[in-house]
Amino acid sequence: MDLASILGLLIAFVMIAGSVMLSGGSLTSYWDTPALLMVGGGTLGAVIICFSTRSLLRLPRVLLKAFYNRPVNQVELVREMVRLAEVARREGLLALEPRLATIDDPFMRLGVQMAVDGTRPEIIEEILKTEMDAVALRHRDGKKMVDQIGRFGPAFGMIGTLLGLITMLGNLTDPSAIGSGMAVALITTLYGAVLSNAMFLPFSEKLAAISKQEMIGREIVLRGVLAIQQGENPRIVEQKLSIFLPAGMRASSEVF
Amino acid sequence: MDLASILGLLIAFVMIAGSVMLSGGSLTSYWDTPALLMVGGGTLGAVIICFSTRSLLRLPRVLLKAFYNRPVNQVELVREMVRLAEVARREGLLALEPRLATIDDPFMRLGVQMAVDGTRPEIIEEILKTEMDAVALRHRDGKKMVDQIGRFGPAFGMIGTLLGLITMLGNLTDPSAIGSGMAVALITTLYGAVLSNAMFLPFSEKLAAISKQEMIGREIVLRGVLAIQQGENPRIVEQKLSIFLPAGMRASSEVF
Amino acid sequence: MDLASILGLLIAFVMIAGSVMLSGGSLTSYWDTPALLMVGGGTLGAVIICFSTRSLLRLPRVLLKAFYNRPVNQVELVREMVRLAEVARREGLLALEPRLATIDDPFMRLGVQMAVDGTRPEIIEEILKTEMDAVALRHRDGKKMVDQIGRFGPAFGMIGTLLGLITMLGNLTDPSAIGSGMAVALITTLYGAVLSNAMFLPFSEKLAAISKQEMIGREIVLRGVLAIQQGENPRIVEQKLSIFLPAGMRASSEVF
Amino acid sequence: MDLASILGLLIAFVMIAGSVMLSGGSLTSYWDTPALLMVGGGTLGAVIICFSTRSLLRLPRVLLKAFYNRPVNQVELVREMVRLAEVARREGLLALEPRLATIDDPFMRLGVQMAVDGTRPEIIEEILKTEMDAVALRHRDGKKMVDQIGRFGPAFGMIGTLLGLITMLGNLTDPSAIGSGMAVALITTLYGAVLSNAMFLPFSEKLAAISKQEMIGREIVLRGVLAIQQGENPRIVEQKLSIFLPAGMRASSEVF
Amino acid sequence: MDLASILGLLIAFVMIAGSVMLSGGSLTSYWDTPALLMVGGGTLGAVIICFSTRSLLRLPRVLLKAFYNRPVNQVELVREMVRLAEVARREGLLALEPRLATIDDPFMRLGVQMAVDGTRPEIIEEILKTEMDAVALRHRDGKKMVDQIGRFGPAFGMIGTLLGLITMLGNLTDPSAIGSGMAVALITTLYGAVLSNAMFLPFSEKLAAISKQEMIGREIVLRGVLAIQQGENPRIVEQKLSIFLPAGMRASSEVF
């Protein structure tokens with residue numbers, strides 16, 4: 001559960017709603033079903049054209065990830081690798097085999113399994129790197145879909161406003177209707193701007209941050225598995241892996 | 001037949017039309033022949049200037065490709081390469097010769113033909129790579145034309161609106177005509193925005209996705225042909241080629 | 001004579017004019033000398049500041065190139081190199097000397113001359129490459145001037161509109177003059193948009209396409225001269241040079 | 001204390017206020033609490049979504065850094081390294097040990113400590129480089145947060161204006177209220193533009209400049225420590241380190 | 001004295017003024033002191049925040065450089081290097097010593113001095129390259145300041161217009177004042193657009209062009225000094241250095 005994403009979303013919408021009510025507006029006047037169809041449907045259509053079906057089917061999971069992501073605990077990862085290194089050092093690599101079942105992370109399990117099996121280090125590195133590349137590619141694809149929604153949303157908002165303006169301007173028989181016609185026309189632009197700036201552009205940044213964290217976590221596992229297989233001293237393993245930890249978690253001296 | 005492209009286009013336009021009708025507008029009021037001439041003709045003119053005649057003649061086929069593209073079935077490609085590897089392993093490379101006629105994909109046929117002919121691996125790789133580079137270049141050129149349409153469309157939409165506004169504002173004798181004059185003027189901006197955002201920008205993304213898939217397919221064929229020629233074990237061939245398959249088609253453990 | 005550029009320009013302007021007349025406007029209402037001075041003069045001034053005098057003096061020739069460029073016939077280039085290779089193979093390199101005078105392209109003449117003179121291959125390659133780099137640099141400089149016109153045009157169009165609006169709004173004694181004042185103010189924005197989108201931005205793309213073609217042509221000559229000097233078989237020369245030909249001119253199997 | 005940042009901020013706001021008062025406006029008419037909630041709260045929400053909690057907690061310190069940063073005195077750094085080099089040259093590396101306590105900069109202390117301890121040069125370089133990379137990464141992350149505030153501020157300003165316009169246009173019963181309604185609506189756009197252009201975009205540039213200075217300072221320390229450990233002549237140390245000083249502090253001959 | 005910069009600035013402003021007067025406007029109506037304070041002061045404030053004091057102090061000299069720059073005469077540079085090469089070849093390197101005082105360019109003097117002193121070629125190259133890197137960095141910094149003025153100018157123009165519109169719309173008691181209020185509000189946008197497009201963006205391009213010329217000149221000197229020290233034949237020196245001359249100054253065959 002990523003509280004920051006939920007909190008951020010809440011703050012943005014509560015602040016918007018609060019400022020509307022403080023200045024005497026009414027929230028119901030911003031609801032317009034045709035406008036929602038226009039912006040949501042148009043953006044959906046454009047995004048469906050852009051990507052392959054296989055990519056699109058992953059979109060809901062990608063979006064959920066911005067909220068339900070369990071952040072990688074890198075300090076814990078380093079500790080776990082050090083524990084495994086201690087066992088391997090004391091009792092030999094094969095002593096890791098019974099522990100395999102207790103490893104949750106499939107990536108770490110795969111790495112340790114290969115180390116236990118005596119796979120050559122180059123092969124372990126190649127297989128884990130290929131897996132990491134595939135994950136990085138999938139992350140980029142997911143982020144790109146979210147980016148495109150953030151890009152097409154405002155575009156279809158503008159299209160909706162143009163459609164509304166043209167209808168309104170073409171029927172100027174009743175001048176008193178100009179204001180409300182224009183208000184309705186502007187709602188699609190509003191929807192597009194909110195969709196993009198309060199939701200999908202920030203989601204895209206979050207996904208990029210999550211992806212970076214995951215990649216660092218996998219790098220720690222990869223380096224750790226290789227060090228364990230070479231039977232290195234657990235203290236050296238810890239030192240080597242700590243390099244990947246963010247500055248605040250090491251004995252760092254300075255904060256920007 | 002790329003159903004996603006057609007579905008996306010349908011959704012976008014049905015949603016736009018639906019939201020117009022839901023909010024009491026009439027679709028016929030958005031049809032304006034001079035506006036269509038302006039945006040379509042201006043964009044066409046600009047794109048004709050931009051590219052060489054040879055490139056332009058490919059534009060219709062490029063656009064059709066976004067709809068009629070038969071996606072490369074990479075899993076099937078790997079399977080076919082493995083089948084060929086089994087034959088070659090069991091009966092020798094020459095046993096592939098009678099099978100050449102049954103290979104549809106001309107790129108794969110060329111590669112297998114050269115392997116059967118005993119062409120040296122470096123030469124095979126160079127020839128197939130050159131062919132792939134040429135295809136990639138052609139894909140980039142095609143995408144660039146579609147991009148330029150998506151870029152000049154809104155520009156000529158704005159030019160049309162300026163022309164309309166200037167005419168309208170210069171003849172303000174009848175104030176009641178302001179509204180309808182402005183409505184007509186805005187139609188070109190609408191056309192430009194729809195042309196770009198509901199059609200050509202998404203088409204361009206689709207073409208990029210299709211190109212990436214094709215390139216991965218060709219990489220699979222290239223690697224497969226080289227492995228077959230070296231008489232590698234079909235299981236090894238499969239393992240090597242599976243690296244190119246998207247994560248979901250291998251035994252992958254995680255989804256973004 | 002580059003018919004596509006002229007045709008594209010014609011289409012763009014005829015379509016614009018046609019749509020204006022179809023919708024009942026009059027073309028003469030879009031002529032405004034002060035607006036032309038503003039956009040043309042301002043853009044000219046900005047571009048004069050941007051570049052050195054030496055670069056600016058080349059601008060007219062750069063622009064003409066978008067229209068009067070004789071496209072490089074790459075197939076013919078390959079054929080000519082093959083013919084020279086045949087002569088050199090049959091009668092020796094020195095037999096090329098009397099043919100030098102019949103070679104129009106100075107770049108090819110320079111290359112063949114050096115081959116006949118027995119200049120070492122590395123030196124030939126270095127000299128021709130340096131020449132190609134200088135041409136590429138000149139092409140980039142030329143394109144950049146055209147780009148800047150396409151960028152400053154709309155900016156000075158907006159400056160003109162602001163000037164017009166300020167004058168108009170400051171003299172609102174006669175409300176009936178608002179419309180025509182605004183119409184005049186908008187004309188500079190129109191000029192800037194047309195200058196940029198119907199002319200200079202497409203010209204810039206065309207110049208980039210022409211430059212790419214020329215560079216490929218010179219690469220063919222460079223590779224051909226080196227192959228001829230090494231006394232390679234004319235068939236091999238043809239095969240080597242054909243790699244540089246666009247896909248449609250070789251026995252290619254697929255179109256994007 | 002970075003006087004330039006404070007001076008710049010003062011100049012920008014005093015000039016804005018002065019020009020408002022000179023043209024007869026009143027500053028109090030630009031205060032609007034709901035508008036502040038909208039732009040500040042919306043931007044805050046978006047930024048909270050974008051980054052991890054750990055990054056966000058550093059934001060206040062990052063912002064303060066633009067004001068309270070003590071610029072790295074690179075000339076003094078070089079002098080200090082030269083002084084240490086003189087001691088080391090005269091009395092041996094171990095003579096630096098009692099001086100360690102007097103070194104303020106923890107990065108320099110770490111480097112000298114390792115030199116005194118006899119750590120191998122490659123290890124010193126690797127550890128200090130890793131530390132520098134971590135700092136550079138932290139600086140980039142900090143700058144990115146400031147950039148995002150500068151990017152989302154105007155977006156939420158536009159959202160606020162759209163909300164205000166829609167409310168105002170939907171209640172056009174009293175035409176005399178149009179003006180004041182529109183004025184209020186525009187205030188959010190104003191806040192977004194000021195937030196971005198007078199504050200966060202310049203802050204981001206300042207942070208980049210500070211980061212560059214710090215990195216040069218650390219490079220000087222790194223090079224200096226390595227030279228000291230190798231027992232180089234203090235004059236050579238000075239010459240080597242002076243390369244990193246900005247041109248104006250060396251005997252440079254020309255100013256752009 | 002860079003006549004092109006002055007001529008360009010003159011053309012831009014004379015054309016703007018001419019077109020205003022041709023269309024019956026009055027230049028005095030575009031002068032507004034508070035608007036100037038707003039755009040000039042706001043931009044100044046933002047730029048002061050962005051850069052370090054040391055960089056800012058160089059800004060006036062950077063701007064003057066766009067006007068008073070004496071272009072590097074590359075042909076003359078090559079000739080001077082060839083003359084020095086002739087002396088060195090005929091009378092030995094030491095014969096260059098009395099000539100040192102006659103060399104104006106401090107960079108060339110430094111290079112020749114080192115050659116005369118018998119400094120090793122690698123050291124000469126390293127020192128001159130370091131000097132060139134420092135100059136290039138300084139040029140980039142200078143250009144960046146000019147770029148930022150060109151970027152913040154329009155932003156503060158927009159802020160001024162928003163301030164003016166809000167004041168004007170908040171005091172709609174006198175409808176006849178709307179026009180003049182709006183006119184005044186738009187003046188800041190005008191100032192920002194002129195500041196950016198007629199001045200600082202072109203200045204930035206000019207500075208980039210000047211920097212490129214200077215860098216080529218220094219490259220010629222560097223190559224020349226190294227060739228002289230190696231005692232190369234003056235004809236070879238000339239040939240080697242001519243590669244750096246722009247195409248039009250060598251026997252080039254083609255113009256873009």
# chains A, B, ... in the order shown; residues from 1 in each chain; ligands from 1
>>> residues_around(residues="Leu195 of chain B", least_positions_apart="3", cutoff="8 Å", atoms="only C-alpha atoms", output="PyMOL selection string")
chain B and resi 150+153-154+191-192+198-200
>>> residues_around(residues="Thr189 of chain B", least_positions_apart="3", cutoff="10 Å", atoms="only C-alpha atoms", output="ChimeraX atom specification")
/A:158-159,162 /B:35,39,153-162,184-186,192-195
>>> interface_residues(of="chain E", to="chain D", cutoff="6 Å", atoms="only C-alpha atoms", output="MDAnalysis selection string")
chainID E and resid 34 37:38 41:42 45:46 48:51 62 166 169:170
>>> write_last_selection(atoms="N, CA, C and O atoms", output="mmCIF file, in the first residue's frame")
data_model
loop_
_atom_site.group_PDB
_atom_site.id
_atom_site.type_symbol
_atom_site.label_atom_id
_atom_site.label_comp_id
_atom_site.auth_asym_id
_atom_site.auth_seq_id
_atom_site.Cartn_x
_atom_site.Cartn_y
_atom_site.Cartn_z
ATOM 1 N N PRO E 34 5.798 51.229 -15.757
ATOM 2 C CA PRO E 34 5.576 50.079 -14.855
ATOM 3 C C PRO E 34 5.752 48.735 -15.576
ATOM 4 O O PRO E 34 6.293 47.781 -15.007
ATOM 5 N N LEU E 37 9.393 47.995 -15.762
ATOM 6 C CA LEU E 37 9.877 47.560 -14.450
ATOM 7 C C LEU E 37 9.532 46.092 -14.221
ATOM 8 O O LEU E 37 10.355 45.297 -13.759
ATOM 9 N N MET E 38 8.289 45.773 -14.524
ATOM 10 C CA MET E 38 7.802 44.415 -14.313
ATOM 11 C C MET E 38 8.622 43.392 -15.098
ATOM 12 O O MET E 38 9.194 42.448 -14.540
ATOM 13 N N GLY E 41 12.586 43.958 -14.417
ATOM 14 C CA GLY E 41 12.946 43.639 -13.043
ATOM 15 C C GLY E 41 12.694 42.186 -12.705
ATOM 16 O O GLY E 41 13.527 41.533 -12.073
ATOM 17 N N GLY E 42 11.555 41.653 -13.144
ATOM 18 C CA GLY E 42 11.246 40.256 -12.849
ATOM 19 C C GLY E 42 12.259 39.327 -13.492
ATOM 20 O O GLY E 42 12.794 38.407 -12.849
ATOM 21 N N GLY E 45 15.534 39.592 -11.661
ATOM 22 C CA GLY E 45 15.480 38.869 -10.398
ATOM 23 C C GLY E 45 15.629 37.373 -10.601
ATOM 24 O O GLY E 45 16.431 36.714 -9.934
ATOM 25 N N ALA E 46 14.878 36.831 -11.568
ATOM 26 C CA ALA E 46 14.935 35.388 -11.809
ATOM 27 C C ALA E 46 16.345 34.969 -12.217
ATOM 28 O O ALA E 46 16.867 33.952 -11.751
ATOM 29 N N ILE E 48 19.135 36.498 -11.539
ATOM 30 C CA ILE E 48 20.057 36.617 -10.394
ATOM 31 C C ILE E 48 19.963 35.390 -9.502
ATOM 32 O O ILE E 48 20.965 34.891 -8.983
ATOM 33 N N ILE E 49 18.737 34.883 -9.324
ATOM 34 C CA ILE E 49 18.615 33.656 -8.519
ATOM 35 C C ILE E 49 19.337 32.497 -9.202
ATOM 36 O O ILE E 49 20.020 31.705 -8.566
ATOM 37 N N CYS E 50 19.177 32.411 -10.524
ATOM 38 C CA CYS E 50 19.667 31.235 -11.255
ATOM 39 C C CYS E 50 21.178 31.024 -11.161
ATOM 40 O O CYS E 50 21.650 29.898 -11.118
ATOM 41 N N PHE E 51 21.947 32.110 -11.210
ATOM 42 C CA PHE E 51 23.385 31.938 -11.397
ATOM 43 C C PHE E 51 24.183 32.418 -10.199
ATOM 44 O O PHE E 51 23.689 33.181 -9.367
ATOM 45 N N VAL E 62 29.487 39.492 -21.729
ATOM 46 C CA VAL E 62 28.950 38.478 -22.647
ATOM 47 C C VAL E 62 28.060 39.137 -23.693
ATOM 48 O O VAL E 62 28.164 38.871 -24.894
ATOM 49 N N ILE E 166 -6.296 41.325 -13.933
ATOM 50 C CA ILE E 166 -7.026 41.149 -12.670
ATOM 51 C C ILE E 166 -7.442 42.499 -12.102
ATOM 52 O O ILE E 166 -8.588 42.689 -11.684
ATOM 53 N N LEU E 169 -10.225 43.895 -14.461
ATOM 54 C CA LEU E 169 -11.511 43.203 -14.359
ATOM 55 C C LEU E 169 -12.152 43.419 -12.993
ATOM 56 O O LEU E 169 -13.380 43.379 -12.862
ATOM 57 N N GLY E 170 -11.327 43.670 -11.973
ATOM 58 C CA GLY E 170 -11.876 43.882 -10.634
ATOM 59 C C GLY E 170 -12.492 45.257 -10.458
ATOM 60 O O GLY E 170 -13.195 45.503 -9.476
#
>>> select_by_dssp(residues="segment 1-247 of chain D", states="alpha helix (DSSP H)", output="ChimeraX atom specification")
/D:3-22,33-36,42-50,53-57,59-68,74-91,106-117,121-170,178-194,201-229,234-242
>>> atom_distance(atom1="atom CA of Pro121 of chain C", atom2="atom CA of Ile123 of chain B")
24.1 Å
>>> atom_distance(atom1="atom CA of Ala95 of chain A", atom2="atom CA of Met132 of chain A")
26.7 Å
>>> residues_around(residues="Ala136 of chain A", least_positions_apart="5", cutoff="10 Å", atoms="only C-alpha atoms", output="JSON, numbers by chain")
{"A": [130, 131, 141, 142, 211, 212, 214, 215], "B": [256]}
>>> write_last_selection(atoms="all heavy atoms", output="tab-separated table (two decimals), in the first residue's frame")
chain	number	residue	atom	x	y	z
A	130	THR	N	19.47	-10.77	-18.06
A	130	THR	CA	18.43	-10.85	-19.09
A	130	THR	C	17.06	-10.65	-18.45
A	130	THR	O	16.21	-9.91	-18.96
A	130	THR	CB	18.49	-12.22	-19.79
A	130	THR	OG1	19.80	-12.41	-20.29
A	130	THR	CG2	17.48	-12.30	-20.91
A	131	GLU	N	16.87	-11.30	-17.29
A	131	GLU	CA	15.61	-11.15	-16.57
A	131	GLU	C	15.41	-9.68	-16.16
A	131	GLU	O	14.31	-9.13	-16.32
A	131	GLU	CB	15.67	-12.03	-15.31
A	131	GLU	CG	14.38	-12.14	-14.56
A	131	GLU	CD	13.28	-12.83	-15.34
A	131	GLU	OE1	13.61	-13.74	-16.14
A	131	GLU	OE2	12.11	-12.44	-15.18
A	141	ASP	N	7.48	0.13	-20.81
A	141	ASP	CA	6.23	0.04	-21.57
A	141	ASP	C	5.04	0.50	-20.74
A	141	ASP	O	4.17	1.23	-21.22
A	141	ASP	CB	5.99	-1.42	-22.00
A	141	ASP	CG	6.61	-1.71	-23.35
A	141	ASP	OD1	7.37	-0.85	-23.83
A	141	ASP	OD2	6.35	-2.77	-23.91
A	142	GLY	N	5.01	0.04	-19.47
A	142	GLY	CA	3.90	0.43	-18.60
A	142	GLY	C	3.86	1.94	-18.39
A	142	GLY	O	2.81	2.58	-18.53
A	211	SER	N	10.16	1.76	-10.30
A	211	SER	CA	11.00	0.93	-11.17
A	211	SER	C	12.47	1.06	-10.78
A	211	SER	O	13.20	0.06	-10.71
A	211	SER	CB	10.79	1.34	-12.63
A	211	SER	OG	11.68	0.66	-13.46
A	212	LYS	N	12.90	2.29	-10.50
A	212	LYS	CA	14.30	2.49	-10.13
A	212	LYS	C	14.62	1.74	-8.84
A	212	LYS	O	15.67	1.09	-8.74
A	212	LYS	CB	14.57	3.99	-9.95
A	212	LYS	CG	16.01	4.38	-10.20
A	212	LYS	CD	16.18	5.87	-10.37
A	212	LYS	CE	15.87	6.62	-9.10
A	212	LYS	NZ	16.04	8.09	-9.25
A	214	GLU	N	13.11	-0.97	-7.65
A	214	GLU	CA	13.14	-2.41	-7.91
A	214	GLU	C	14.44	-2.84	-8.57
A	214	GLU	O	15.00	-3.88	-8.28
A	214	GLU	CB	11.97	-2.81	-8.82
A	214	GLU	CG	10.69	-3.04	-8.06
A	214	GLU	CD	9.68	-3.75	-8.94
A	214	GLU	OE1	10.07	-4.59	-9.78
A	214	GLU	OE2	8.49	-3.47	-8.77
A	215	MET	N	14.90	-1.98	-9.52
A	215	MET	CA	16.12	-2.33	-10.24
A	215	MET	C	17.32	-2.35	-9.31
A	215	MET	O	18.18	-3.23	-9.40
A	215	MET	CB	16.35	-1.33	-11.38
A	215	MET	CG	15.45	-1.56	-12.56
A	215	MET	SD	15.69	-3.24	-13.22
A	215	MET	CE	13.99	-3.68	-13.58
B	256	PHE	N	4.57	-6.09	-13.85
B	256	PHE	CA	4.67	-4.70	-13.39
B	256	PHE	C	3.26	-4.22	-13.06
B	256	PHE	O	2.52	-3.89	-13.94
B	256	PHE	CB	5.24	-3.86	-14.52
B	256	PHE	CG	5.47	-2.43	-14.16
B	256	PHE	CD1	6.39	-1.69	-14.88
B	256	PHE	CD2	4.80	-1.82	-13.12
B	256	PHE	CE1	6.61	-0.38	-14.58
B	256	PHE	CE2	5.02	-0.50	-12.82
B	256	PHE	CZ	5.92	0.21	-13.56
>>> residues_around(residues="segment 98-111 of chain E", least_positions_apart="4", cutoff="12 Å", atoms="only C-alpha atoms", output="count of residues only")
50
>>> residues_around(residues="Ala85 of chain E", least_positions_apart="5", cutoff="8 Å", atoms="only C-alpha atoms", output="JSON, numbers by chain")
{"E": [227, 228, 231, 232, 233, 234, 237]}
>>> atom_distance(atom1="atom CA of Leu137 of chain E", atom2="atom CA of Glu238 of chain D")
21.6 Å
>>> decode(residues="segment 115-123 of chain C", atoms="all heavy atoms", output="tab-separated table (two decimals), in the first residue's frame")
chain	number	residue	atom	x	y	z
C	115	ALA	N	42.81	7.92	-57.10
C	115	ALA	CA	43.06	6.49	-57.32
C	115	ALA	C	44.04	6.30	-58.47
C	115	ALA	O	44.99	5.50	-58.40
C	115	ALA	CB	41.74	5.77	-57.62
C	116	VAL	N	43.82	7.06	-59.56
C	116	VAL	CA	44.71	6.98	-60.73
C	116	VAL	C	46.13	7.40	-60.34
C	116	VAL	O	47.12	6.80	-60.77
C	116	VAL	CB	44.17	7.87	-61.87
C	116	VAL	CG1	45.20	8.03	-62.98
C	116	VAL	CG2	42.86	7.28	-62.41
C	117	ASP	N	46.22	8.44	-59.51
C	117	ASP	CA	47.53	8.95	-59.10
C	117	ASP	C	48.28	8.00	-58.18
C	117	ASP	O	49.42	8.26	-57.81
C	117	ASP	CB	47.38	10.29	-58.35
C	117	ASP	CG	46.92	11.40	-59.28
C	117	ASP	OD1	46.85	11.15	-60.50
C	117	ASP	OD2	46.61	12.50	-58.79
C	118	GLY	N	47.57	6.95	-57.73
C	118	GLY	CA	48.23	6.00	-56.83
C	118	GLY	C	48.31	6.47	-55.39
C	118	GLY	O	49.14	6.00	-54.62
C	119	THR	N	47.47	7.44	-55.05
C	119	THR	CA	47.42	7.86	-53.64
C	119	THR	C	47.05	6.65	-52.78
C	119	THR	O	46.25	5.82	-53.18
C	119	THR	CB	46.34	8.95	-53.46
C	119	THR	OG1	46.47	9.91	-54.50
C	119	THR	CG2	46.48	9.64	-52.12
C	120	ARG	N	47.65	6.59	-51.57
C	120	ARG	CA	47.34	5.45	-50.72
C	120	ARG	C	45.88	5.46	-50.27
C	120	ARG	O	45.32	6.54	-50.02
C	120	ARG	CB	48.25	5.47	-49.49
C	120	ARG	CG	49.55	4.70	-49.73
C	120	ARG	CD	50.39	4.68	-48.48
C	120	ARG	NE	50.73	6.04	-48.07
C	120	ARG	CZ	50.81	6.45	-46.81
C	120	ARG	NH1	50.56	5.61	-45.82
C	120	ARG	NH2	51.15	7.69	-46.52
C	121	PRO	N	45.25	4.26	-50.17
C	121	PRO	CA	43.83	4.17	-49.82
C	121	PRO	C	43.46	4.94	-48.56
C	121	PRO	O	42.44	5.65	-48.53
C	121	PRO	CB	43.59	2.67	-49.63
C	121	PRO	CG	44.69	1.99	-50.36
C	121	PRO	CD	45.85	2.92	-50.41
C	122	GLU	N	44.29	4.85	-47.50
C	122	GLU	CA	43.95	5.57	-46.26
C	122	GLU	C	43.84	7.06	-46.52
C	122	GLU	O	42.97	7.74	-45.98
C	122	GLU	CB	45.00	5.37	-45.16
C	122	GLU	CG	45.46	3.96	-44.93
C	122	GLU	CD	46.63	3.65	-45.84
C	122	GLU	OE1	47.76	4.08	-45.58
C	122	GLU	OE2	46.37	2.95	-46.86
C	123	ILE	N	44.77	7.57	-47.35
C	123	ILE	CA	44.76	9.01	-47.63
C	123	ILE	C	43.51	9.37	-48.43
C	123	ILE	O	42.84	10.37	-48.15
C	123	ILE	CB	46.04	9.41	-48.41
C	123	ILE	CG1	47.29	8.96	-47.64
C	123	ILE	CG2	46.06	10.90	-48.68
C	123	ILE	CD1	47.55	9.73	-46.39
